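Written below as structure tokens is the structure these notes are about.
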Amino acid sequence: MSGVLTALTDAGQMDTGEAILFWVLAPLIVIASLGLVFARKAVYAAVSVISVMIMLAALYVAQEAPFLGMVQVVVYTGAVMMLFLFVLMLVGVDAGDSLVETVKGQRIIGVLGGLGVLAVLSGVVGTAVYSQPSGLAAVEEAVTNPVGLAYVIFGQHAFALEVVGALLITAALGALVLTHRERLIAKLDQRTRLDARMRALAGGGTVTPLPAPGVYARHNAMDVPALDPEGRPIESSVNRVLKVRGQEADADEYAARVDRVLAGGWADAPEVTEAPAAPEVDAAPEADGAATDEPGDGPSSAAPETGADR
Amino acid sequence: MSLMSYVVLAAVLFAVGTTTVLVRRNAIIAFMGIELMLNATNLALVTFARMHGNLSGQVLAFFVMVVAAAEVVVGLAIIVAIFRARRSVSVDDVNLLKDVRDPA
Amino acid sequence: MITTLSAVLTGLPAAEAVEPVAAVAATGAASAAWLLILLPLLSAAVLLLAGRRADGWGHLLGVAAPAASFLVGAIIAVQMLTSPVTERVQHLDLGSWITAGTFDLRVGLLADPLSVTFVLLITFVGSLIHVYSVAYMAEDVNRRRFFAYLNLFIAAMLLLVLADSYLLLFFGWEGVGLASYLLIGFWNHEVRQGHKVSGDQALDNSVAAKKAFVANRVGDLGMIVAMGLLFAHLGTVSFAGVNEGVASGALSTGMITAIGLMLLLAAVGKSAQFPLQSWLGDAMAGPTPVSALIHAATMVTAGVYLIVRSQPIFDATGDARLVVAVVGAITLLFGAIVGCAKDDIKKALAASTMSQIGYMMLAAGLGPLGYAIAILHLVGHGFFKAGMFLGAGSVMHAMRDEVDMRKFGALGRKMPLTYYTFMAGWLAIIGMWPFTGFFTKDPIIETAFIAQEGQTWQPWVFGSVALFGAALTAFYMSRLFFMTFEGKRRWEPDVEPHESPRLMTWPMLVLALGSVGFGVAFGWKGRLADWLVPVTGSVEHPAPVLPPALITWSVLILVLIAVGLAWQRYAASATVVPRTAPKASALTEAARDDLYQDKVNNGLLVIPGTYATRALVYADSAVVDGTVRAVARGTVAVGDLARRPQTGFVRQYAAMMAIGLVALVIIVLAVQS
């Protein structure tokens, strides 16, 4: 495994391969991270963070920390960021920021604050005095990186590890508690639904499923009521939601059309100028018969005609 | 090519994370900014470990990751709870901490 | 006549000097002295605790208690008379009272001629007044409570005179103050039957009670300071210990003078002497038996008792004694002048009481020469003043509680018993031979004329004041007597004066006998003075600056002139006493207003006190509260400022953190570089 890793030169510098890797990845990382600031949509931001983390994992591996690189991919990219994406899906993928800044001056302050942090960090980095980089080769002469880490974690930091374990369990429990929702009403099972329907039957409800809406060829939609065997529209066949939204086709209008057809006229309301309607009287029994032959979809024979008229 | 480059990169990432927290109103994105800051720190820690030839830095980065995982779990749970209550994930909508005497 | 009068004088003080006698342990009847106090105290407790259940028989118990005490006192007196002089001062130890460190105060009673004299006076006059009260308060629904308070007073007063230490005396001192307060304000609410009391009157009565209480507290301050000084310098407050300490010279003369003046302050408060005299007139708001018992015969004389009891202290300081005499002389004139102008019969008697106690104080202030005659006058005064107060009560009883003498007149024929008993008291107080006053007051006047060691102007001043006071006394008492009983009737047409019931007249008769006979029985040849010698001691006295016979004749002649003047002005003619007080000279007007004592008190004490209190209240609210409020306002202002950044926006908080971080790091870098 150590063959994959790069090592420091004698002068404490990274070798050429690592430098190339760094200079390829570093700009990409910065660009990707800026996506976090500028992406309108949260999903894009999440994706950019994921890419930052994967690239960081590569840098970890390059920095003689292959175990952390793997953990970075598995924990951060695989678990944490996936959790972020789940939550994003939960609250709505398109939940983006509006462009209007609500807190006055916050955007400028934020940018200035970020730049300020960058400036002071750079100042600290620049003014700090570093010793000659030693590299981890000496430490890992006998053991591999994961084994060396394991010695430290389970040796020196065993107690901290226990505490962190407790913390993780607590966090899991905390998430359960925070997202838990009390059931406010009793759970509806099949039996209670059946009982409710039987009770509703006495008050004029139905035990069977409600009739399907009438779908006319020319409408090709479920916002028109079905017709009963007598050609009357069935109100309850239209979805309740459509009625609430006011998207229901006018049942009265369809009833009137049926009446006109049954009366031997055209489905469309006769225009005032068209006084003589005798030739169509013959067609009426025919239409009537067709309607009676096909109960439920009675008007469907008339519908194509009217559709043809149009 | 000095290891300083990694530290500078970490500083840049940290600043970007800070800016994200300060600028973005979507709580989830701000939260990701925090994660970015943690990652920048981890990068610095790994670099310092290499610089000093001591694995403690890597161990510390490891613990940061674990704690960050726990933090994310709780933080996201809070965001979900707030979303359920307010149908919003904007941090500006949750400003009950202010003085109520003059609602502004 | 001259020889008789001279005999009075030569008989008075013992010729040779005699030292006071040391106390011996109580034996015989004296060891039951505690019964004296316990009986009335028990009776008071029963009457108060039994409540309305005792209404039917409460007055009987109330009368029985002081009568029983009188019996005990009489037995003790007889025992004392039959024992040798050296065993007449008996001390009864009742056990330890207060033990604190080296301070071990024992409760004890002192049965000596002085205290037994007081015991007899208190219980005898007290019993008579209790009997009188049975009839006088018969219509009052609260008669039982009245008797309870009276018994409480008797108990407290007996404790006062029997106490063997200043602290125990102070206990009784406060007890009589309490009883006085309760009884002055006895009619403190509206009463519609019996003794009718209107709401305004009830309020006035309450105010009078409070006034008496407060004025007495001023005096008590002196008592407490005196006790504190005694304890601080001698470590004891018992009479025996103090006598010993003073005799041993443990106290400097200045300290003794200070203690003496403090004791005088206490006496002045209790005895209504100048300048704490203002409460006595108002104290007449209480029922008349109370005025007779407490505010004439007994309690107000407690100051004189205190001075006489503190004899070793006053013996050692001529300055304090001089102040006592001056206070007595001033009060003597003050009371007499006020008495000349008062139309309220009870207030005139109160002024007279003040004046007569002034005589006693004057006598006490004359030192070893005067202690015995002060007590002599005190006891005699107890008889005739109580008798006159009861007479006044009888008149009020007859006149439907009218107290204005201008609405009396010619009552002598309507109520002969009251008339004659009152006359006895009148003749006694003006010092007419051979009534009690002659034998008790005349020695005071004569002793006032005696120049003691190193004195120059004092005998002339004190003697003249006493002499002039006697003339004034004769005038105002005659005025009172004539306006009430002689002249023409001036009472309202619908009033029908009548003699009081026997329960009231008999005590008056007994007291009148005392007014007539006490002086000659006990003053003659200095019998009481000799009796008191074990306590007061006796000294040789020099001759007065004027011949005694001349003084006596002067007094008698002045008294006769004053009586004649009063007769001429208030009895001889029908028209001389108008129904309403006419305009008069400035002095008369001032006297009618008690010589402006209340105005002076208001101007000097009450109003400055009120303004001082207001100033303090203002300072408290402006400075003290102001500081507190300013601190509070400052806190609020700071909080207001600190509130501004709290917008509730998390991102602003984060921005502040970022800015703070940047600033911190910049500072650190700047410091490092």
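Note on naming: chains are A, B, ... as they come in the structure tokens, residues start from 1 per chain, ligands start from 1 in the order shown.
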
If we count only C-alpha atoms, what is near Leu60 of chain B at a cut-off of 9 Å, once residues fewer than 3 positions away on the same chain are taken out, given as an NGL selection string?
-> :B and (42 or 45-46 or 55-57 or 63-65)

Taking only C-alpha atoms into account, produce a table as CSV in which each residue of chain C with an atom at most 9 Å from an atom of chain A appears once, together with its shortest atom pair and the distance in Å to one decimal, ordered by chain and rising number.
residue,atom,partner,partner_atom,distance
C:Phe649,CA,A:Val103,CA,8.0
C:Arg651,CA,A:Gln106,CA,7.8
C:Gln652,CA,A:Gln106,CA,7.2
C:Ala655,CA,A:Gly110,CA,6.4
C:Met656,CA,A:Gly113,CA,8.9
C:Ala658,CA,A:Gly113,CA,5.9
C:Ile659,CA,A:Gly113,CA,6.1
C:Leu661,CA,A:Val117,CA,7.7
C:Val662,CA,A:Val117,CA,5.9
C:Ala663,CA,A:Val120,CA,8.9
C:Val665,CA,A:Val120,CA,6.5
C:Ile666,CA,A:Val120,CA,6.7
C:Leu669,CA,A:Val124,CA,7.6
C:Ser673,CA,A:Thr127,CA,8.9

Shell around Ala30 of chain B at 9 Å using only C-alpha atoms, local window under 5 positions removed, as a ChimeraX atom specification = /A:36 /B:17-18,20-25,35,91

Could you pull the residues within 6 Å of segment 221-226 of chain A, counting only C-alpha atoms, minus those fewer than 4 positions along the same chain, as a PyMOL selection string?
-> chain A and resi 213-215+233-235+237-238+248-249

Skip segment 80-88 of chain A itself and residues of its chain fewer than 5 positions away, then list as a CSV table (one decimal) with C-alpha atoms, in the first residue's frame all residues within 10 Å of it, counting only C-alpha atoms.
chain,number,residue,atom,x,y,z
A,42,ALA,CA,-29.5,23.1,-3.1
A,43,VAL,CA,-28.9,19.9,-5.0
A,46,ALA,CA,-24.7,19.2,-2.5
A,47,VAL,CA,-23.2,17.7,-5.6
A,49,VAL,CA,-19.7,19.5,-1.9
A,50,ILE,CA,-19.6,15.8,-2.7
A,53,MET,CA,-15.0,15.7,-0.5
A,72,GLN,CA,-13.6,10.4,4.0
A,73,VAL,CA,-15.2,8.6,1.1
A,74,VAL,CA,-17.2,6.2,3.1
A,75,VAL,CA,-18.4,8.5,5.9
A,93,VAL,CA,-35.6,19.5,-4.4
A,94,ASP,CA,-36.5,22.8,-5.8
A,95,ALA,CA,-36.4,24.6,-2.5
B,28,ILE,CA,-29.2,22.9,4.5
B,29,ILE,CA,-26.7,24.8,2.3
B,31,PHE,CA,-25.0,23.4,7.1
B,32,MET,CA,-23.0,22.1,4.1
B,35,GLU,CA,-19.2,20.6,6.8
B,65,MET,CA,-15.2,13.1,11.1
B,68,ALA,CA,-19.3,15.6,12.4
B,69,ALA,CA,-21.3,12.6,11.5
B,70,ALA,CA,-23.1,12.8,14.8
B,71,GLU,CA,-23.6,16.5,14.4
B,72,VAL,CA,-25.0,16.1,10.9
B,73,VAL,CA,-27.6,13.6,12.2
B,76,LEU,CA,-30.5,17.6,10.0
B,77,ALA,CA,-33.1,16.2,12.4
B,79,ILE,CA,-33.9,21.1,10.2
B,80,VAL,CA,-36.5,18.5,9.4
B,89,VAL,CA,-35.8,25.8,5.6
